[in-house]
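Visitor: Next comes the structure file protein.cif, holding mmCIF, C-alpha atoms.
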```cif
data_entry
#
loop_
_atom_site.label_atom_id
_atom_site.label_comp_id
_atom_site.auth_asym_id
_atom_site.auth_seq_id
_atom_site.Cartn_x
_atom_site.Cartn_y
_atom_site.Cartn_z
CA MET R 1 14.90 -7.93 -15.78
CA PHE R 2 12.88 -7.71 -18.95
CA THR R 3 10.51 -9.66 -21.12
CA THR R 4 7.54 -8.74 -23.25
CA MET R 5 4.07 -9.59 -22.01
CA ASN R 6 0.59 -8.21 -21.56
CA LEU R 7 0.41 -6.79 -18.08
CA PRO R 8 -2.88 -6.13 -16.33
CA LEU R 9 -2.15 -3.51 -13.78
CA HIS R 10 -5.66 -4.62 -12.95
CA ALA R 11 -4.77 -7.05 -10.18
CA SER R 12 -5.78 -7.93 -6.69
CA LEU R 13 -3.85 -6.96 -3.64
CA PRO R 14 -3.59 -9.96 -1.41
CA LEU R 15 -5.22 -8.76 1.77
CA SER R 16 -8.44 -7.61 0.16
CA SER R 17 -8.37 -8.17 -3.59
CA ARG R 18 -6.60 -4.96 -4.50
CA SER R 19 -5.24 -3.83 -7.80
CA TRP R 20 -4.43 -0.89 -9.96
CA CYS R 21 -7.05 -2.15 -12.33
CA CYS R 22 -5.74 -0.62 -15.51
CA TYR R 23 -4.78 -2.84 -18.37
CA ALA R 24 -1.27 -2.31 -19.64
CA SER R 25 1.37 -4.18 -21.56
CA LEU R 26 4.71 -4.73 -19.95
CA SER R 27 7.33 -3.76 -22.49
CA VAL R 28 10.84 -4.86 -21.89
CA PRO R 29 13.99 -3.75 -23.67
CA GLN R 30 15.88 -6.37 -25.59
CA PRO R 31 18.85 -7.92 -23.76
CA GLN R 32 22.00 -5.87 -24.07
CA ALA R 33 25.63 -6.63 -23.52
CA GLU R 34 26.70 -6.84 -19.88
CA PRO R 35 28.17 -3.53 -18.70
CA GLN R 36 31.78 -3.45 -17.71
CA LEU R 37 32.30 -3.39 -13.97
CA LEU R 38 34.23 -0.70 -12.18
CA ASN R 39 35.66 -1.94 -8.89
CA GLY R 40 33.05 -4.70 -8.92
CA ASN R 41 30.13 -2.29 -9.50
CA PRO R 42 28.29 -1.31 -12.68
CA PRO R 43 29.03 2.21 -13.91
CA ALA R 44 26.68 4.90 -12.67
CA ARG R 45 24.04 6.25 -15.01
CA PRO R 46 24.29 9.85 -16.15
CA LEU R 47 22.80 12.36 -13.75
CA ASP R 48 20.77 13.86 -16.59
CA ARG R 49 18.80 10.67 -17.27
CA LYS R 50 15.40 11.26 -18.85
CA GLU R 51 13.49 8.16 -17.75
CA ILE R 52 11.40 8.22 -14.58
CA ARG R 53 12.18 5.41 -12.15
CA LEU R 54 9.84 3.65 -9.73
CA GLY R 55 11.45 1.35 -7.15
CA LEU R 56 9.59 -1.76 -5.99
CA PRO R 57 10.68 -4.31 -3.35
CA SER R 58 12.49 -7.31 -4.82
CA LYS R 59 12.09 -9.69 -1.86
CA GLY R 60 9.92 -10.38 1.15
CA ARG R 61 6.23 -10.10 1.90
CA MET R 62 6.06 -6.49 0.76
CA SER R 63 7.50 -7.61 -2.58
CA ALA R 64 4.88 -10.33 -3.06
CA ASP R 65 2.04 -7.94 -2.27
CA THR R 66 3.36 -5.20 -4.54
CA LEU R 67 4.02 -7.59 -7.42
CA GLU R 68 0.47 -8.83 -7.07
CA LEU R 69 -0.67 -5.22 -7.22
CA LEU R 70 1.17 -4.51 -10.46
CA LYS R 71 1.36 -8.00 -11.98
CA VAL R 72 5.02 -7.47 -12.81
CA ASN R 73 7.43 -10.32 -13.52
CA PRO R 74 9.65 -10.60 -10.39
CA ARG R 75 12.38 -12.36 -12.38
CA GLN R 76 13.19 -9.17 -14.19
CA TYR R 77 15.36 -6.36 -12.91
CA VAL R 78 13.51 -3.60 -14.71
CA ALA R 79 10.16 -3.25 -16.48
CA GLU R 80 8.18 -0.53 -18.23
CA ILE R 81 4.52 0.40 -17.88
CA PRO R 82 3.54 2.14 -21.12
CA GLN R 83 0.41 3.74 -19.64
CA LEU R 84 2.66 5.72 -17.32
CA SER R 85 4.79 7.61 -19.79
CA ASN R 86 8.53 7.14 -19.65
CA LEU R 87 8.33 5.13 -16.40
CA GLU R 88 10.77 2.35 -15.55
CA VAL R 89 10.09 -0.09 -12.72
CA TRP R 90 13.22 -1.17 -10.84
CA PHE R 91 13.29 -4.00 -8.31
CA GLN R 92 15.43 -3.29 -5.27
CA ARG R 93 15.72 -4.19 -1.60
CA PRO R 94 13.30 -1.96 0.36
CA LYS R 95 16.06 -0.12 2.20
CA ASP R 96 17.90 0.45 -1.08
CA ILE R 97 14.78 2.02 -2.56
CA VAL R 98 14.88 4.66 0.18
CA ARG R 99 18.62 5.19 -0.21
CA LYS R 100 18.38 5.51 -3.99
CA LEU R 101 15.54 7.99 -3.71
CA LEU R 102 17.85 10.10 -1.57
CA SER R 103 20.77 9.66 -3.97
CA GLY R 104 18.66 10.57 -7.00
CA ASP R 105 18.86 7.13 -8.64
CA LEU R 106 15.10 6.62 -8.17
CA ASP R 107 12.22 9.08 -8.34
CA LEU R 108 9.35 7.12 -6.78
CA GLY R 109 9.03 4.02 -4.64
CA ILE R 110 6.64 1.73 -2.79
CA VAL R 111 7.90 0.42 0.56
CA GLY R 112 6.67 -0.01 4.12
CA LEU R 113 6.40 3.02 6.38
CA ASP R 114 8.82 1.27 8.76
CA THR R 115 11.47 1.20 6.02
CA VAL R 116 10.96 4.88 5.19
CA SER R 117 11.19 5.82 8.87
CA GLU R 118 14.28 3.69 9.58
CA HIS R 119 16.36 4.49 6.50
CA GLY R 120 14.93 7.88 5.56
CA GLN R 121 15.42 9.23 9.08
CA CYS R 122 13.13 12.23 8.55
CA ASN R 123 15.09 13.44 5.52
CA GLU R 124 13.18 16.36 4.02
CA ASP R 125 13.77 15.16 0.46
CA LEU R 126 11.52 12.14 1.06
CA ILE R 127 7.83 12.88 0.71
CA ILE R 128 5.10 10.35 1.48
CA VAL R 129 2.64 10.79 -1.38
CA HIS R 130 0.14 8.15 -0.21
CA GLU R 131 0.39 6.91 3.36
CA ALA R 132 -2.19 4.10 3.27
CA LEU R 133 -2.07 1.66 0.34
CA GLU R 134 -3.91 -0.83 2.57
CA TYR R 135 -1.56 -3.79 2.42
CA GLY R 136 1.63 -4.85 4.19
CA ASP R 137 0.05 -4.02 7.55
CA CYS R 138 2.27 -4.55 10.58
CA ARG R 139 3.63 -2.69 13.60
CA LEU R 140 7.12 -2.15 14.97
CA SER R 141 6.83 -3.25 18.56
CA LEU R 142 8.87 -4.00 21.67
CA ALA R 143 8.46 -7.52 23.06
CA ILE R 144 9.75 -9.10 26.27
CA PRO R 145 9.57 -12.64 27.73
CA GLN R 146 6.40 -13.77 29.48
CA TYR R 147 8.43 -15.45 32.21
CA GLY R 148 11.13 -14.76 34.79
CA ILE R 149 11.74 -11.17 35.89
CA PHE R 150 9.39 -9.94 33.15
CA GLU R 151 6.37 -11.99 34.21
CA ASN R 152 4.58 -9.05 35.86
CA VAL R 153 5.93 -6.35 33.55
CA ASN R 154 3.17 -5.16 31.23
CA SER R 155 4.18 -1.66 30.11
CA VAL R 156 7.20 0.32 28.95
CA GLU R 157 6.85 2.43 32.06
CA GLU R 158 7.17 -0.64 34.28
CA LEU R 159 10.08 -1.90 32.19
CA ALA R 160 11.90 1.42 32.62
CA LYS R 161 11.45 1.29 36.41
CA MET R 162 12.99 -2.17 36.82
CA PRO R 163 16.04 -1.87 39.12
CA GLN R 164 17.97 -4.47 37.10
CA TRP R 165 19.01 -1.99 34.41
CA THR R 166 22.16 -0.08 35.25
CA GLU R 167 25.02 1.46 33.33
CA ASP R 168 27.04 -1.72 33.92
CA LYS R 169 24.13 -4.04 33.15
CA PRO R 170 21.82 -2.37 30.62
CA LEU R 171 18.69 -3.77 29.03
CA ARG R 172 19.79 -5.72 25.95
CA VAL R 173 17.58 -5.30 22.91
CA ALA R 174 17.95 -7.26 19.66
CA THR R 175 16.65 -5.38 16.63
CA GLY R 176 17.20 -4.61 12.99
CA PHE R 177 16.10 -1.01 13.57
CA SER R 178 19.27 0.75 14.70
CA TYR R 179 17.80 4.23 14.17
CA LEU R 180 14.22 3.88 15.40
CA GLY R 181 15.17 1.61 18.31
CA PRO R 182 17.48 3.98 20.22
CA LYS R 183 15.23 6.95 19.37
CA PHE R 184 12.19 5.18 20.82
CA MET R 185 13.98 4.01 23.96
CA LYS R 186 15.28 7.50 24.68
CA GLU R 187 11.83 9.02 24.22
CA SER R 188 10.35 6.31 26.48
CA GLY R 189 12.67 7.09 29.39
CA LEU R 190 14.81 3.95 29.18
CA LYS R 191 18.29 5.26 29.95
CA HIS R 192 20.36 2.09 30.27
CA VAL R 193 19.90 0.19 27.01
CA THR R 194 22.26 -1.52 24.61
CA PHE R 195 21.36 -2.78 21.14
CA SER R 196 22.52 -5.75 19.11
CA THR R 197 21.82 -5.30 15.43
CA ALA R 198 20.29 -8.32 13.76
CA ASP R 199 18.14 -9.26 10.79
CA GLY R 200 15.68 -12.09 10.38
CA ALA R 201 13.93 -14.01 13.17
CA LEU R 202 14.76 -12.40 16.50
CA GLU R 203 12.25 -14.30 18.64
CA ALA R 204 14.84 -16.82 19.84
CA ALA R 205 17.26 -14.16 21.16
CA PRO R 206 15.81 -13.90 24.71
CA ALA R 207 15.59 -17.70 25.13
CA MET R 208 19.20 -18.04 23.96
CA GLY R 209 20.27 -15.47 26.55
CA ILE R 210 21.72 -13.03 24.02
CA ALA R 211 19.03 -10.36 24.55
CA ASP R 212 16.46 -9.36 27.17
CA ALA R 213 13.98 -7.98 24.66
CA ILE R 214 13.42 -7.61 20.94
CA LEU R 215 12.17 -4.74 18.79
CA ASP R 216 10.72 -6.16 15.60
CA LEU R 217 7.84 -6.06 13.13
CA VAL R 218 4.70 -7.82 14.31
CA SER R 219 1.63 -8.75 12.28
CA SER R 220 -0.68 -11.04 14.24
CA GLY R 221 1.56 -11.65 17.24
CA THR R 222 1.32 -15.42 16.86
CA THR R 223 5.07 -15.92 16.45
CA LEU R 224 5.75 -13.92 19.60
CA ARG R 225 3.32 -16.02 21.62
CA GLU R 226 4.77 -19.24 20.25
CA ASN R 227 8.16 -18.10 21.56
CA ASN R 228 6.79 -17.05 24.97
CA LEU R 229 7.14 -13.35 24.24
CA LYS R 230 4.62 -10.58 24.80
CA GLU R 231 4.03 -7.03 23.63
CA ILE R 232 3.59 -4.42 26.34
CA LYS R 233 1.60 -1.24 26.75
CA GLY R 234 3.30 1.72 25.14
CA GLY R 235 5.70 -0.52 23.25
CA VAL R 236 4.48 0.12 19.70
CA VAL R 237 6.99 2.32 17.90
CA LEU R 238 4.87 2.80 14.78
CA GLU R 239 2.04 1.27 12.77
CA SER R 240 3.21 0.42 9.26
CA GLN R 241 1.78 -0.42 5.86
CA ALA R 242 2.76 0.09 2.23
CA VAL R 243 3.25 3.73 1.23
CA LEU R 244 4.03 5.57 -2.01
CA ILE R 245 7.03 7.84 -1.57
CA ALA R 246 8.82 10.27 -3.87
CA SER R 247 11.90 12.43 -4.04
CA ARG R 248 11.16 16.11 -3.53
CA LYS R 249 14.06 17.07 -5.82
CA SER R 250 12.86 14.77 -8.57
CA MET R 251 9.30 16.09 -8.50
CA ILE R 252 10.51 19.68 -8.67
CA GLN R 253 13.50 19.36 -10.98
CA ARG R 254 12.98 16.30 -13.19
CA LYS R 255 10.63 16.71 -16.12
CA GLY R 256 7.51 14.53 -15.99
CA VAL R 257 8.00 13.16 -12.46
CA LEU R 258 5.31 15.33 -10.87
CA GLU R 259 2.82 14.49 -13.63
CA THR R 260 3.54 10.75 -13.29
CA THR R 261 3.18 11.01 -9.52
CA HIS R 262 -0.20 12.68 -10.00
CA GLU R 263 -1.41 9.90 -12.29
CA MET R 264 -0.20 7.16 -9.96
CA LEU R 265 -1.91 8.86 -7.03
CA GLU R 266 -5.20 9.21 -8.93
CA ARG R 267 -5.15 5.56 -10.02
CA LEU R 268 -4.35 4.30 -6.53
CA GLU R 269 -7.02 6.45 -4.90
CA ALA R 270 -9.64 5.39 -7.44
CA HIS R 271 -8.79 1.74 -7.04
CA LEU R 272 -8.74 1.77 -3.24
CA ARG R 273 -12.14 3.47 -3.34
CA ALA R 274 -13.47 0.68 -5.59
CA ILE R 275 -12.23 -2.25 -3.49
CA GLY R 276 -15.14 -4.52 -2.61
CA GLN R 277 -17.66 -2.51 -4.65
CA PHE R 278 -19.88 -3.99 -7.38
CA THR R 279 -22.03 -2.50 -10.11
CA VAL R 280 -25.55 -3.95 -10.07
CA THR R 281 -27.68 -3.49 -13.18
CA ALA R 282 -31.30 -4.65 -13.40
CA ASN R 283 -34.48 -4.08 -15.40
CA MET R 284 -37.65 -2.97 -13.68
CA ARG R 285 -41.15 -2.31 -15.01
CA GLY R 286 -42.57 1.07 -14.04
CA SER R 287 -44.77 3.97 -15.05
CA SER R 288 -41.99 6.55 -14.82
CA ALA R 289 -38.35 6.95 -13.82
CA GLU R 290 -39.43 8.77 -10.67
CA GLU R 291 -41.79 5.96 -9.64
CA VAL R 292 -39.04 3.35 -10.14
CA ALA R 293 -36.57 5.45 -8.19
CA GLU R 294 -39.10 5.77 -5.36
CA ARG R 295 -39.35 1.99 -5.11
CA ILE R 296 -35.57 1.54 -5.19
CA LEU R 297 -34.90 4.15 -2.51
CA SER R 298 -37.46 2.49 -0.23
CA GLN R 299 -34.96 -0.36 0.18
CA PRO R 300 -32.00 0.39 2.52
CA SER R 301 -29.43 -1.62 0.53
CA LEU R 302 -30.19 -0.02 -2.84
CA ALA R 303 -29.18 3.60 -2.30
CA GLY R 304 -25.81 3.24 -4.07
CA LEU R 305 -23.07 5.83 -3.70
CA GLN R 306 -25.27 8.89 -4.35
CA GLY R 307 -28.50 7.27 -5.47
CA PRO R 308 -29.60 5.00 -8.34
CA THR R 309 -29.25 5.77 -12.03
CA VAL R 310 -32.60 5.13 -13.73
CA SER R 311 -33.02 5.21 -17.51
CA PRO R 312 -35.70 3.95 -19.92
CA VAL R 313 -35.29 0.68 -21.80
CA PHE R 314 -36.73 1.02 -25.30
CA CYS R 315 -38.23 -1.83 -27.29
CA LYS R 316 -40.45 -2.11 -30.38
CA ARG R 317 -43.93 -3.57 -30.11
CA ASP R 318 -46.49 -3.68 -32.88
CA GLY R 319 -44.30 -1.34 -34.88
CA LYS R 320 -44.09 1.24 -32.09
CA VAL R 321 -41.23 2.15 -29.80
CA THR R 322 -42.22 1.84 -26.14
CA SER R 323 -40.46 2.00 -22.78
CA ASP R 324 -42.30 -0.16 -20.30
CA TYR R 325 -39.09 -1.04 -18.47
CA TYR R 326 -36.36 0.99 -16.82
CA ALA R 327 -32.74 0.03 -16.32
CA ILE R 328 -31.38 0.79 -12.89
CA VAL R 329 -27.68 0.95 -12.01
CA ILE R 330 -26.38 1.11 -8.45
CA CYS R 331 -23.09 0.55 -6.65
CA VAL R 332 -23.23 -2.04 -3.86
CA PRO R 333 -20.55 -3.21 -1.39
CA LYS R 334 -19.73 -6.90 -1.48
CA LYS R 335 -21.07 -7.59 2.01
CA ALA R 336 -24.52 -6.26 0.99
CA LEU R 337 -24.57 -7.84 -2.49
CA TYR R 338 -26.91 -10.79 -1.90
CA LYS R 339 -29.26 -8.75 0.29
CA SER R 340 -29.44 -6.13 -2.46
CA ILE R 341 -30.39 -8.74 -5.05
CA GLN R 342 -33.15 -10.01 -2.77
CA GLN R 343 -34.50 -6.49 -2.30
CA LEU R 344 -34.36 -5.84 -6.06
CA ARG R 345 -36.39 -8.97 -6.74
CA ALA R 346 -38.90 -7.98 -4.06
CA ILE R 347 -39.69 -4.70 -5.84
CA GLY R 348 -39.86 -6.20 -9.33
CA GLY R 349 -36.27 -6.24 -10.51
CA SER R 350 -35.20 -8.83 -13.10
CA GLY R 351 -32.25 -9.61 -15.36
CA VAL R 352 -29.81 -8.64 -12.62
CA LEU R 353 -26.20 -8.27 -13.79
CA ILE R 354 -23.24 -8.00 -11.42
CA SER R 355 -19.75 -6.76 -12.24
CA PRO R 356 -16.84 -5.73 -10.01
CA LEU R 357 -15.71 -2.13 -10.06
CA THR R 358 -12.12 -1.36 -10.88
CA TYR R 359 -12.01 2.41 -10.39
CA ILE R 360 -14.20 4.96 -8.67
CA PHE R 361 -12.89 8.37 -9.63
CA ASP R 362 -14.30 11.03 -7.36
CA GLU R 363 -13.36 14.66 -6.94
CA GLU R 364 -9.63 15.32 -7.08
CA THR R 365 -7.93 13.66 -4.14
CA PRO R 366 -6.98 15.93 -1.23
CA ARG R 367 -3.62 14.15 -1.17
CA TRP R 368 -2.71 15.84 -4.46
CA ARG R 369 -3.39 19.28 -3.03
CA GLN R 370 -1.42 18.35 0.08
CA LEU R 371 1.49 17.22 -2.08
CA LEU R 372 1.53 20.49 -4.03
CA SER R 373 1.50 22.36 -0.73
CA LYS R 374 4.48 20.38 0.55
CA LEU R 375 6.34 21.21 -2.65
CA GLY R 376 5.46 24.88 -2.36
CA LEU R 377 3.58 24.80 -5.66
#
```
Spell out the structure here as structure tokens.
Guide:
Amino acid sequence: MFTTMNLPLHASLPLSSRSWCCYASLSVPQPQAEPQLLNGNPPARPLDRKEIRLGLPSKGRMSADTLELLKVNPRQYVAEIPQLSNLEVWFQRPKDIVRKLLSGDLDLGIVGLDTVSEHGQCNEDLIIVHEALEYGDCRLSLAIPQYGIFENVNSVEELAKMPQWTEDKPLRVATGFSYLGPKFMKESGLKHVTFSTADGALEAAPAMGIADAILDLVSSGTTLRENNLKEIKGGVVLESQAVLIASRKSMIQRKGVLETTHEMLERLEAHLRAIGQFTVTANMRGSSAEEVAERILSQPSLAGLQGPTVSPVFCKRDGKVTSDYYAIVICVPKKALYKSIQQLRAIGGSGVLISPLTYIFDEETPRWRQLLSKLGL
């Protein structure tokens, strides 16, 4: 899975123009001879490998969003990001990313929280480094038909009290979540339940008579409604989105993994902080920097993150250097951009320049300190 190309990690995440926003080149090793297969499988890599491996989803919506984040060629099996030293990017099925983190074949991964919860099963070696990458939003939820015996059932509590469910005739639930499903039902007081494991579209199962309810990922709920299904109160198992996860053993034992994790975390935090923010630069005539700042701060949309930066603009007139103008720089959210420009003009601003922000590095992220605490470092 390799080619050579210039790779802007500066990219936009689908749901709200997100990206890593660092420019990198994607280096790819030259094609090598196909490895010999052992019982139909490629030989395992040595346990003492030196490269650091990041697993990314190879298929599905999570894959598309993550590839847009990193601008990586999805037709490759493995890629390298030179800015992150000694890092290889491997494309795998989401559940295999979790499994290979546990087996030691991967060090880091980006998957949905639902995948971590289902296939990680609270394993202590899996650590969620960043729990909110702000894309891939969905929820794992229980849904039942809107009709028949379920017409007036609107909560898990009411579902559990239905007399229809007995040991001989349990509630039949179709789901692809064979770990989270039974765990949730037990915790919700539903004693007589049986599960049929399935992948893909489950919405037709109740209408076909092969299930009474489904437990599946829901985004907007439109597909459920189109199939005459409804979510019920107390039926949400978990809220999910993309998360950055890592192997505890790798971060402690494998050289460079903790440092790479730190850099990835810093970049992600800085980018997420910069989403929808713009730098506004303008010139303004004034008698002093303080007087210009006073005018700027009188406008509610021009305060910026911590206040405006005001600096003199020097020019030469009649052989003398003067500073009749001041350059002001502020950070403005996208939704307030046009209003800010209007307010700048109203107080004498001119030559307004706008540019999107890619990173806003603040104080060191609390998530890094939390990670070190989890590792006992």
Visitor: Give as a list in words the residues that the PyMOL selection byres ((chain R and resi 371) around 10) matches when applied to the coordinates above.
Guide: Ile127, Ile128, Val129, His130, Arg248, Leu258, Thr261, His262, Pro366, Arg367, Trp368, Arg369, Gln370, Leu372, Ser373, Lys374, Leu375, Gly376 and Leu377 of chain R
Visitor: Near Pro333 in chain R, within 7 Å and counting only C-alpha atoms, which residues show up once chain neighbours fewer than 6 positions away are dropped, as a list in words?
Guide: Gly276, Gln277 and Phe278 of chain R
Visitor: Can you tell me which residues surround Gly176 in chain R at a distance of at most 8 Å, considering only C-alpha atoms, apart from same-chain residues fewer than 6 positions away, and format the answer as a list in words?
Guide: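 With the cut-off at 8 Å, the set is Thr197, Ala198, Asp199, Leu215 and Asp216 of chain R.
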Visitor: Nearest residue to Leu126 in chain R out of R:Gly286, R:Gly104, R:Gly235, R:Pro163, using all atoms listed in the file?
Guide: R:Gly104
Visitor: If you count only C-alpha atoms, which residues fall within 6 Å of range 356-360 of chain R, apart from same-chain ones fewer than 2 positions away, as a tab-separated table (two decimals) with C-alpha atoms, in the frame of the given file?
Guide:
```tsv
chain	number	residue	atom	x	y	z
R	21	CYS	CA	-7.05	-2.15	-12.33
R	270	ALA	CA	-9.64	5.39	-7.44
R	271	HIS	CA	-8.79	1.74	-7.04
R	273	ARG	CA	-12.14	3.47	-3.34
R	274	ALA	CA	-13.47	0.68	-5.59
R	277	GLN	CA	-17.66	-2.51	-4.65
R	278	PHE	CA	-19.88	-3.99	-7.38
```
Visitor: Since I can't run it myself right now, could you work out what the PyMOL selection byres ((chain R and resi 302) around 8) selects here and report it as a list in words?
Guide: Ile296, Leu297, Gln299, Pro300, Ser301, Ala303, Gly304, Gly307, Pro308, Ile330, Val332, Ser340, Gln343 and Leu344 of chain R
Visitor: I'd like to know which of R:Ile144, R:Ala160, R:Met251, R:Ile149 is closest to Ala205 in chain R, using only C-alpha atoms.
Guide: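 Selected residue with least distance to Ala205 in chain R: R:Ile144.
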Visitor: Find, counting all atoms listed in the file, the residue in R:Gly120, R:Pro94, R:Pro145, R:Pro312 that gets nearest to Ser288 in chain R.
Guide: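 With all atoms listed in the file as the atom set, the closest residue is R:Pro312.
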